[in-house]
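Raw input.txt, compact mmCIF, N, CA and C atoms:
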# COMPACT_ATOMS: atom_id res chain seq x y z
N MET A 7 0.82 -1.19 0.00
CA MET A 7 0.00 0.00 0.00
C MET A 7 0.86 1.25 0.00
N ARG A 8 1.92 1.25 0.84
CA ARG A 8 2.83 2.40 0.89
C ARG A 8 3.54 2.59 -0.45
N ALA A 9 3.90 1.48 -1.09
CA ALA A 9 4.60 1.56 -2.37
C ALA A 9 3.71 2.21 -3.42
N ARG A 10 2.42 1.83 -3.42
CA ARG A 10 1.48 2.43 -4.37
C ARG A 10 1.31 3.93 -4.11
N LEU A 11 1.20 4.28 -2.84
CA LEU A 11 1.05 5.68 -2.49
C LEU A 11 2.29 6.49 -2.89
N ALA A 12 3.46 5.90 -2.63
CA ALA A 12 4.71 6.58 -3.00
C ALA A 12 4.80 6.74 -4.52
N LEU A 13 4.44 5.68 -5.25
CA LEU A 13 4.47 5.74 -6.72
C LEU A 13 3.49 6.79 -7.23
N TRP A 14 2.26 6.80 -6.67
CA TRP A 14 1.27 7.79 -7.07
C TRP A 14 1.77 9.20 -6.81
N LEU A 15 2.42 9.42 -5.67
CA LEU A 15 2.96 10.73 -5.31
C LEU A 15 4.05 11.16 -6.29
N VAL A 16 4.96 10.25 -6.63
CA VAL A 16 6.04 10.57 -7.57
C VAL A 16 5.46 10.91 -8.95
N VAL A 17 4.51 10.11 -9.43
CA VAL A 17 3.91 10.36 -10.75
C VAL A 17 3.17 11.69 -10.75
N THR A 18 2.44 11.98 -9.69
CA THR A 18 1.70 13.24 -9.59
C THR A 18 2.64 14.43 -9.58
N LEU A 19 3.72 14.34 -8.81
CA LEU A 19 4.70 15.44 -8.77
C LEU A 19 5.38 15.64 -10.11
N MET A 20 5.75 14.55 -10.76
CA MET A 20 6.42 14.65 -12.07
C MET A 20 5.48 15.26 -13.10
N ALA A 21 4.21 14.88 -13.08
CA ALA A 21 3.24 15.46 -14.01
C ALA A 21 3.10 16.95 -13.77
N GLY A 22 3.08 17.36 -12.53
CA GLY A 22 2.97 18.79 -12.20
C GLY A 22 4.18 19.56 -12.67
N VAL A 23 5.38 19.00 -12.47
CA VAL A 23 6.61 19.66 -12.91
C VAL A 23 6.62 19.77 -14.43
N GLY A 24 6.22 18.70 -15.12
CA GLY A 24 6.17 18.73 -16.58
C GLY A 24 5.21 19.78 -17.09
N HIS A 25 4.06 19.90 -16.44
CA HIS A 25 3.07 20.91 -16.84
C HIS A 25 3.62 22.32 -16.65
N VAL A 26 4.29 22.56 -15.54
CA VAL A 26 4.87 23.89 -15.28
C VAL A 26 5.94 24.21 -16.30
N LEU A 27 6.83 23.25 -16.62
CA LEU A 27 7.88 23.50 -17.61
C LEU A 27 7.29 23.75 -18.98
N ALA A 28 6.28 23.00 -19.36
CA ALA A 28 5.63 23.22 -20.66
C ALA A 28 4.98 24.59 -20.72
N GLN A 29 4.34 25.00 -19.64
CA GLN A 29 3.69 26.31 -19.58
C GLN A 29 4.72 27.42 -19.70
N GLU A 30 5.87 27.27 -18.99
CA GLU A 30 6.92 28.29 -19.05
C GLU A 30 7.48 28.41 -20.45
N SER A 31 7.69 27.29 -21.15
CA SER A 31 8.25 27.36 -22.51
C SER A 31 7.26 28.02 -23.46
N ARG A 32 5.94 27.82 -23.25
CA ARG A 32 4.95 28.48 -24.11
C ARG A 32 4.90 29.97 -23.85
N ASN A 33 5.22 30.40 -22.65
CA ASN A 33 5.15 31.80 -22.29
C ASN A 33 6.49 32.52 -22.37
N ALA A 34 7.53 31.84 -22.80
CA ALA A 34 8.85 32.44 -22.89
C ALA A 34 8.84 33.56 -23.94
N PRO A 35 9.48 34.67 -23.65
CA PRO A 35 9.54 35.76 -24.63
C PRO A 35 10.24 35.29 -25.91
N VAL A 36 9.66 35.63 -27.03
CA VAL A 36 10.21 35.17 -28.30
C VAL A 36 9.91 36.18 -29.40
N LEU A 37 10.81 36.24 -30.34
CA LEU A 37 10.60 36.97 -31.58
C LEU A 37 10.63 35.91 -32.67
N SER A 38 9.51 35.73 -33.36
CA SER A 38 9.48 34.68 -34.38
C SER A 38 9.48 35.29 -35.78
N LEU A 39 10.27 34.67 -36.63
CA LEU A 39 10.33 35.04 -38.05
C LEU A 39 10.05 33.78 -38.85
N GLU A 40 9.09 33.88 -39.74
CA GLU A 40 8.76 32.77 -40.62
C GLU A 40 9.00 33.19 -42.06
N LEU A 41 9.77 32.40 -42.78
CA LEU A 41 9.89 32.60 -44.22
C LEU A 41 8.65 31.98 -44.83
N ASN A 42 7.75 32.84 -45.27
CA ASN A 42 6.42 32.42 -45.70
C ASN A 42 6.35 32.15 -47.19
N GLY A 43 7.29 32.68 -47.95
CA GLY A 43 7.27 32.44 -49.39
C GLY A 43 8.47 33.04 -50.09
N ALA A 44 8.79 32.46 -51.23
CA ALA A 44 9.83 32.95 -52.13
C ALA A 44 9.26 32.86 -53.54
N GLU A 45 8.97 34.02 -54.14
CA GLU A 45 8.31 34.06 -55.43
C GLU A 45 9.09 34.94 -56.41
N PRO A 46 9.13 34.54 -57.66
CA PRO A 46 9.78 35.38 -58.66
C PRO A 46 9.01 36.69 -58.84
N SER A 47 9.76 37.75 -59.07
CA SER A 47 9.16 39.04 -59.40
C SER A 47 9.91 39.59 -60.60
N GLU A 48 9.45 40.72 -61.11
CA GLU A 48 10.10 41.31 -62.28
C GLU A 48 11.55 41.70 -62.00
N ARG A 49 11.85 42.04 -60.75
CA ARG A 49 13.20 42.52 -60.41
C ARG A 49 14.09 41.46 -59.78
N GLY A 50 13.53 40.32 -59.37
CA GLY A 50 14.34 39.30 -58.71
C GLY A 50 13.46 38.37 -57.90
N CYS A 51 13.96 37.92 -56.78
CA CYS A 51 13.23 36.98 -55.93
C CYS A 51 12.60 37.74 -54.76
N ARG A 52 11.29 37.63 -54.63
CA ARG A 52 10.58 38.30 -53.54
C ARG A 52 10.40 37.32 -52.37
N LEU A 53 10.99 37.69 -51.23
CA LEU A 53 10.88 36.89 -50.01
C LEU A 53 9.81 37.51 -49.12
N THR A 54 8.89 36.69 -48.63
CA THR A 54 7.84 37.16 -47.73
C THR A 54 8.07 36.54 -46.36
N PHE A 55 8.08 37.40 -45.35
CA PHE A 55 8.29 36.96 -43.96
C PHE A 55 7.09 37.36 -43.12
N VAL A 56 6.79 36.54 -42.12
CA VAL A 56 5.80 36.87 -41.11
C VAL A 56 6.58 36.99 -39.80
N ALA A 57 6.50 38.17 -39.18
CA ALA A 57 7.23 38.45 -37.94
C ALA A 57 6.24 38.66 -36.81
N ALA A 58 6.48 38.01 -35.67
CA ALA A 58 5.63 38.17 -34.49
C ALA A 58 6.51 38.48 -33.29
N ASN A 59 6.30 39.64 -32.70
CA ASN A 59 7.07 40.07 -31.53
C ASN A 59 6.32 39.70 -30.26
N ARG A 60 6.91 38.79 -29.50
CA ARG A 60 6.37 38.39 -28.20
C ARG A 60 7.46 38.53 -27.14
N LEU A 61 8.29 39.57 -27.31
CA LEU A 61 9.40 39.80 -26.37
C LEU A 61 8.99 40.56 -25.13
N GLY A 62 7.81 41.13 -25.11
CA GLY A 62 7.36 41.87 -23.95
C GLY A 62 7.55 43.36 -24.07
N GLN A 63 8.10 43.81 -25.19
CA GLN A 63 8.26 45.25 -25.44
C GLN A 63 8.38 45.51 -26.93
N ASP A 64 8.07 46.73 -27.33
CA ASP A 64 8.16 47.11 -28.74
C ASP A 64 9.60 47.08 -29.22
N ILE A 65 9.75 46.78 -30.50
CA ILE A 65 11.04 46.90 -31.16
C ILE A 65 10.90 48.06 -32.15
N ALA A 66 11.66 49.12 -31.94
CA ALA A 66 11.59 50.29 -32.81
C ALA A 66 12.16 49.98 -34.20
N ARG A 67 13.16 49.09 -34.23
CA ARG A 67 13.75 48.69 -35.51
C ARG A 67 14.50 47.38 -35.32
N ALA A 68 14.23 46.45 -36.21
CA ALA A 68 14.95 45.17 -36.23
C ALA A 68 15.46 44.94 -37.65
N ALA A 69 16.74 44.66 -37.76
CA ALA A 69 17.34 44.37 -39.06
C ALA A 69 18.30 43.20 -38.90
N TYR A 70 18.36 42.37 -39.92
CA TYR A 70 19.19 41.17 -39.87
C TYR A 70 20.07 41.06 -41.12
N GLU A 71 21.32 40.68 -40.90
CA GLU A 71 22.18 40.31 -42.02
C GLU A 71 21.87 38.86 -42.33
N VAL A 72 21.56 38.57 -43.60
CA VAL A 72 21.25 37.21 -44.00
C VAL A 72 22.19 36.77 -45.11
N ALA A 73 22.47 35.48 -45.12
CA ALA A 73 23.24 34.86 -46.19
C ALA A 73 22.26 34.04 -47.02
N LEU A 74 22.29 34.24 -48.32
CA LEU A 74 21.43 33.51 -49.24
C LEU A 74 22.27 32.46 -49.96
N PHE A 75 21.89 31.21 -49.77
CA PHE A 75 22.61 30.08 -50.35
C PHE A 75 21.86 29.55 -51.55
N GLY A 76 22.61 29.16 -52.57
CA GLY A 76 22.01 28.48 -53.70
C GLY A 76 21.76 27.03 -53.35
N LYS A 77 21.06 26.33 -54.21
CA LYS A 77 20.80 24.91 -53.98
C LYS A 77 22.08 24.10 -54.01
N ASP A 78 23.15 24.68 -54.57
CA ASP A 78 24.46 24.02 -54.60
C ASP A 78 25.22 24.18 -53.28
N GLY A 79 24.63 24.92 -52.33
CA GLY A 79 25.26 25.11 -51.02
C GLY A 79 26.21 26.28 -50.95
N LEU A 80 26.41 26.98 -52.05
CA LEU A 80 27.31 28.13 -52.08
C LEU A 80 26.57 29.41 -51.72
N VAL A 81 27.25 30.29 -50.98
CA VAL A 81 26.67 31.58 -50.63
C VAL A 81 26.59 32.42 -51.91
N LYS A 82 25.40 32.86 -52.23
CA LYS A 82 25.18 33.68 -53.43
C LYS A 82 25.19 35.16 -53.10
N ARG A 83 24.77 35.50 -51.86
CA ARG A 83 24.68 36.91 -51.52
C ARG A 83 24.58 37.08 -50.01
N LEU A 84 25.16 38.19 -49.52
CA LEU A 84 24.95 38.67 -48.15
C LEU A 84 24.20 39.98 -48.27
N THR A 85 23.14 40.14 -47.47
CA THR A 85 22.37 41.37 -47.52
C THR A 85 21.75 41.62 -46.16
N VAL A 86 21.27 42.83 -45.95
CA VAL A 86 20.58 43.18 -44.70
C VAL A 86 19.11 43.38 -45.01
N LEU A 87 18.26 42.72 -44.22
CA LEU A 87 16.81 42.87 -44.34
C LEU A 87 16.34 43.69 -43.15
N ASP A 88 15.74 44.83 -43.42
CA ASP A 88 15.27 45.74 -42.37
C ASP A 88 13.78 45.51 -42.15
N PHE A 89 13.44 44.92 -41.02
CA PHE A 89 12.04 44.63 -40.69
C PHE A 89 11.33 45.83 -40.08
N LYS A 90 12.05 46.91 -39.88
CA LYS A 90 11.50 48.17 -39.32
C LYS A 90 10.94 47.93 -37.94
N GLU A 91 9.84 48.62 -37.61
CA GLU A 91 9.28 48.49 -36.26
C GLU A 91 8.45 47.21 -36.16
N LEU A 92 8.56 46.57 -34.98
CA LEU A 92 7.80 45.37 -34.68
C LEU A 92 7.16 45.56 -33.30
N PRO A 93 5.94 46.10 -33.27
CA PRO A 93 5.28 46.35 -31.98
C PRO A 93 5.02 45.04 -31.22
N GLU A 94 5.08 45.13 -29.90
CA GLU A 94 4.83 43.99 -29.02
C GLU A 94 3.43 43.43 -29.29
N SER A 95 3.34 42.12 -29.30
CA SER A 95 2.09 41.37 -29.46
C SER A 95 1.41 41.59 -30.80
N GLU A 96 2.15 42.04 -31.78
CA GLU A 96 1.59 42.19 -33.12
C GLU A 96 2.33 41.31 -34.11
N THR A 97 1.64 40.97 -35.17
CA THR A 97 2.23 40.20 -36.27
C THR A 97 2.29 41.11 -37.48
N LYS A 98 3.44 41.12 -38.14
CA LYS A 98 3.65 41.95 -39.34
C LYS A 98 4.13 41.07 -40.49
N VAL A 99 3.72 41.44 -41.69
CA VAL A 99 4.22 40.79 -42.90
C VAL A 99 5.16 41.76 -43.59
N ARG A 100 6.34 41.30 -43.92
CA ARG A 100 7.33 42.13 -44.60
C ARG A 100 7.81 41.40 -45.86
N GLN A 101 7.96 42.15 -46.95
CA GLN A 101 8.47 41.58 -48.19
C GLN A 101 9.75 42.29 -48.61
N PHE A 102 10.66 41.51 -49.17
CA PHE A 102 11.94 42.02 -49.64
C PHE A 102 12.22 41.43 -51.01
N VAL A 103 12.59 42.27 -51.95
CA VAL A 103 12.98 41.79 -53.27
C VAL A 103 14.51 41.74 -53.32
N ILE A 104 15.01 40.56 -53.64
CA ILE A 104 16.46 40.38 -53.80
C ILE A 104 16.73 40.51 -55.30
N PRO A 105 17.32 41.66 -55.69
CA PRO A 105 17.51 41.92 -57.13
C PRO A 105 18.38 40.86 -57.81
N ASP A 106 18.00 40.55 -59.05
CA ASP A 106 18.77 39.65 -59.91
C ASP A 106 19.04 38.30 -59.27
N MET A 107 18.13 37.83 -58.43
CA MET A 107 18.26 36.49 -57.85
C MET A 107 17.11 35.64 -58.33
N ASP A 108 17.42 34.42 -58.77
CA ASP A 108 16.42 33.47 -59.24
C ASP A 108 15.93 32.65 -58.04
N CYS A 109 14.65 32.75 -57.73
CA CYS A 109 14.08 31.99 -56.60
C CYS A 109 14.26 30.49 -56.77
N ALA A 110 14.26 30.02 -58.02
CA ALA A 110 14.41 28.59 -58.27
C ALA A 110 15.77 28.07 -57.81
N ASP A 111 16.76 28.96 -57.71
CA ASP A 111 18.10 28.57 -57.29
C ASP A 111 18.31 28.75 -55.78
N LEU A 112 17.36 29.36 -55.08
CA LEU A 112 17.52 29.63 -53.66
C LEU A 112 17.26 28.36 -52.84
N GLY A 113 18.26 27.97 -52.04
CA GLY A 113 18.13 26.75 -51.25
C GLY A 113 18.02 26.98 -49.76
N ARG A 114 18.61 28.10 -49.30
CA ARG A 114 18.64 28.34 -47.86
C ARG A 114 18.82 29.82 -47.56
N VAL A 115 18.15 30.30 -46.51
CA VAL A 115 18.34 31.65 -46.00
C VAL A 115 18.82 31.50 -44.56
N LEU A 116 19.99 32.04 -44.28
CA LEU A 116 20.60 31.93 -42.96
C LEU A 116 20.68 33.30 -42.30
N ILE A 117 20.18 33.42 -41.09
CA ILE A 117 20.33 34.67 -40.35
C ILE A 117 21.72 34.66 -39.73
N ASN A 118 22.54 35.58 -40.21
CA ASN A 118 23.93 35.68 -39.75
C ASN A 118 24.03 36.43 -38.43
N ASP A 119 23.32 37.56 -38.35
CA ASP A 119 23.42 38.40 -37.15
C ASP A 119 22.33 39.46 -37.19
N ALA A 120 22.04 40.01 -36.03
CA ALA A 120 21.14 41.17 -35.95
C ALA A 120 21.99 42.42 -36.09
N THR A 121 21.71 43.23 -37.10
CA THR A 121 22.47 44.46 -37.29
C THR A 121 21.81 45.64 -36.59
N ALA A 122 20.51 45.47 -36.24
CA ALA A 122 19.80 46.49 -35.46
C ALA A 122 18.75 45.78 -34.61
N CYS A 123 18.63 46.25 -33.38
CA CYS A 123 17.62 45.73 -32.46
C CYS A 123 17.35 46.84 -31.46
N ASP A 124 16.53 47.79 -31.87
CA ASP A 124 16.26 48.97 -31.05
C ASP A 124 15.02 48.77 -30.19
N GLY A 125 15.21 48.70 -28.91
CA GLY A 125 14.11 48.51 -27.97
C GLY A 125 14.52 47.57 -26.87
N PRO A 126 14.50 46.26 -27.14
CA PRO A 126 14.93 45.33 -26.11
C PRO A 126 16.45 45.27 -26.04
N GLU A 127 16.94 44.49 -25.12
CA GLU A 127 18.38 44.23 -25.06
C GLU A 127 18.81 43.76 -26.44
N THR A 128 19.88 44.30 -26.97
CA THR A 128 20.30 44.02 -28.34
C THR A 128 20.42 42.54 -28.64
N ALA A 129 20.97 41.78 -27.72
CA ALA A 129 21.18 40.35 -27.96
C ALA A 129 19.87 39.57 -28.04
N ALA A 130 18.77 40.12 -27.52
CA ALA A 130 17.49 39.40 -27.52
C ALA A 130 16.99 39.13 -28.93
N CYS A 131 17.31 40.00 -29.87
CA CYS A 131 16.85 39.80 -31.24
C CYS A 131 17.49 38.58 -31.89
N MET A 132 18.58 38.09 -31.35
CA MET A 132 19.17 36.83 -31.84
C MET A 132 18.90 35.70 -30.86
N ARG A 133 19.14 35.94 -29.59
CA ARG A 133 19.03 34.88 -28.58
C ARG A 133 17.60 34.35 -28.48
N GLN A 134 16.61 35.20 -28.60
CA GLN A 134 15.22 34.79 -28.44
C GLN A 134 14.49 34.68 -29.78
N LEU A 135 15.27 34.58 -30.84
CA LEU A 135 14.71 34.45 -32.18
C LEU A 135 14.37 33.00 -32.47
N GLU A 136 13.16 32.78 -32.95
CA GLU A 136 12.74 31.47 -33.44
C GLU A 136 12.41 31.61 -34.92
N THR A 137 12.84 30.65 -35.70
CA THR A 137 12.61 30.71 -37.14
C THR A 137 11.80 29.50 -37.60
N ALA A 138 11.10 29.71 -38.70
CA ALA A 138 10.31 28.64 -39.32
C ALA A 138 10.21 28.94 -40.81
N THR A 139 9.86 27.95 -41.59
CA THR A 139 9.66 28.13 -43.01
C THR A 139 8.42 27.37 -43.46
N ARG A 140 7.75 27.88 -44.48
CA ARG A 140 6.56 27.22 -45.01
C ARG A 140 6.82 26.57 -46.37
N GLY A 141 7.95 26.85 -46.95
CA GLY A 141 8.22 26.34 -48.29
C GLY A 141 9.42 25.42 -48.33
N ALA A 142 9.95 25.26 -49.53
CA ALA A 142 11.08 24.36 -49.74
C ALA A 142 12.41 25.00 -49.36
N VAL A 143 12.44 26.33 -49.19
CA VAL A 143 13.68 27.02 -48.86
C VAL A 143 13.92 26.91 -47.35
N ALA A 144 15.07 26.37 -46.96
CA ALA A 144 15.41 26.27 -45.54
C ALA A 144 15.65 27.65 -44.97
N PHE A 145 15.30 27.83 -43.70
CA PHE A 145 15.45 29.14 -43.06
C PHE A 145 15.80 28.92 -41.60
N GLY A 146 16.83 29.63 -41.14
CA GLY A 146 17.22 29.49 -39.74
C GLY A 146 18.41 30.34 -39.39
N LYS A 147 18.90 30.09 -38.19
CA LYS A 147 20.08 30.82 -37.73
C LYS A 147 21.19 29.87 -37.41

Can you give me the file's structure in the form of structure tokens?
Amino acid sequence: MRARLALWLVVTLMAGVGHVLAQESRNAPVLSLELNGAEPSERGCRLTFVAANRLGQDIARAAYEVALFGKDGLVKRLTVLDFKELPESETKVRQFVIPDMDCADLGRVLINDATACDGPETAACMRQLETATRGAVAFGK
């Protein structure tokens, strides 16, 4: 009987700890960037991003240096994408045209560094950044 009670107590405590940890990870401050699309345009490749600021404060300006890789794995270009202001608890869509770049050759977009992060602690724009992609082009840091 004592063994069952002890086992029940351990399982109950572990379930509670797991629930608390899961809740904390869902509520952790985060800045998410999703590469939502890469489409050809008249001037080059148009990249569409969805940005959601959940850092707990407004970002007056966020900009990132990105490396664009071809499907062959070679870096084709380094550029800075300026996401401008990202208000807290809002989602913004931003588009960037990469001149003279063929979307069909784009294999990966790598966030190299944050070149601007006005508002929160500067490192938060990289440290608390989460990335995702909806298409065939890999995206991350």

Shell of 8 Å around Ala122 (chain A), only N, CA and C atoms, local chain residues under 4 positions omitted, as a ChimeraX atom specification: /A:66-71,128,131

Neighbour list for Leu112 (chain A) as a list in words, cut-off 6 Å, all atoms listed in the file, skip fewer than 6 positions in-chain: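 Near Leu112 (chain A), the qualifying residues are Phe75, Gly76, Lys77 and Val143 of chain A.
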
Closest of A:Gly62, A:Gly79, A:Gly43, A:Pro93 to Leu116 (chain A) - atom-to-atom distances counting only C-alpha atoms: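 That would be A:Gly79, the residue with the smallest distance to Leu116 (chain A).
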
Selected residue of minimal separation from Thr121 (chain A) among A:Val86, A:Ala58, A:Met107, A:Ala138, counting only N, CA and C atoms: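 Counting only N, CA and C atoms, the residue closest to Thr121 (chain A) is A:Val86.
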
Within 10 Å of region 89-92 of chain A using only C-alpha atoms, minus same-chain residues under 6 positions, as number ranges by chain: A: 37, 55-60, 63-70, 98-102, 122-125

Those of region 34-124 of chain A in DSSP strand (DSSP E), formatted as a ChimeraX atom specification: /A:36-46,50-60,65-76,81-92,97-105,112-124

Two-atom distance - atom N of Gly141 (chain A), atom C of Pro35 (chain A) (Å):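 Computed distance, atom N of Gly141 (chain A) to atom C of Pro35 (chain A), equals 22.8 Å.
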
Residue list (helix (DSSP H, G or I), DSSP) for chain A, as an MDAnalysis selection string: chainID A and resid 8:33 109:111 130:133

Atom pair atom C of Ala144 (chain A) / atom N of Ala129 (chain A): separation (Å): 22.9 Å

Find the smallest box with edges along x, y and z containing every listed atom of region 99-108 of chain A, then add 6 Å on each side and report centre and edge lengths in Å to one decimal, as JSON.
{"center_x": 11.4, "center_y": 37.5, "center_z": -50.8, "size_x": 27.3, "size_y": 21.6, "size_z": 30.2}

Option closest in space to Leu74 (chain A), from A:Glu127, A:Gln134, A:Ala142, A:Ile117 [counting only N, CA and C atoms]: A:Ile117
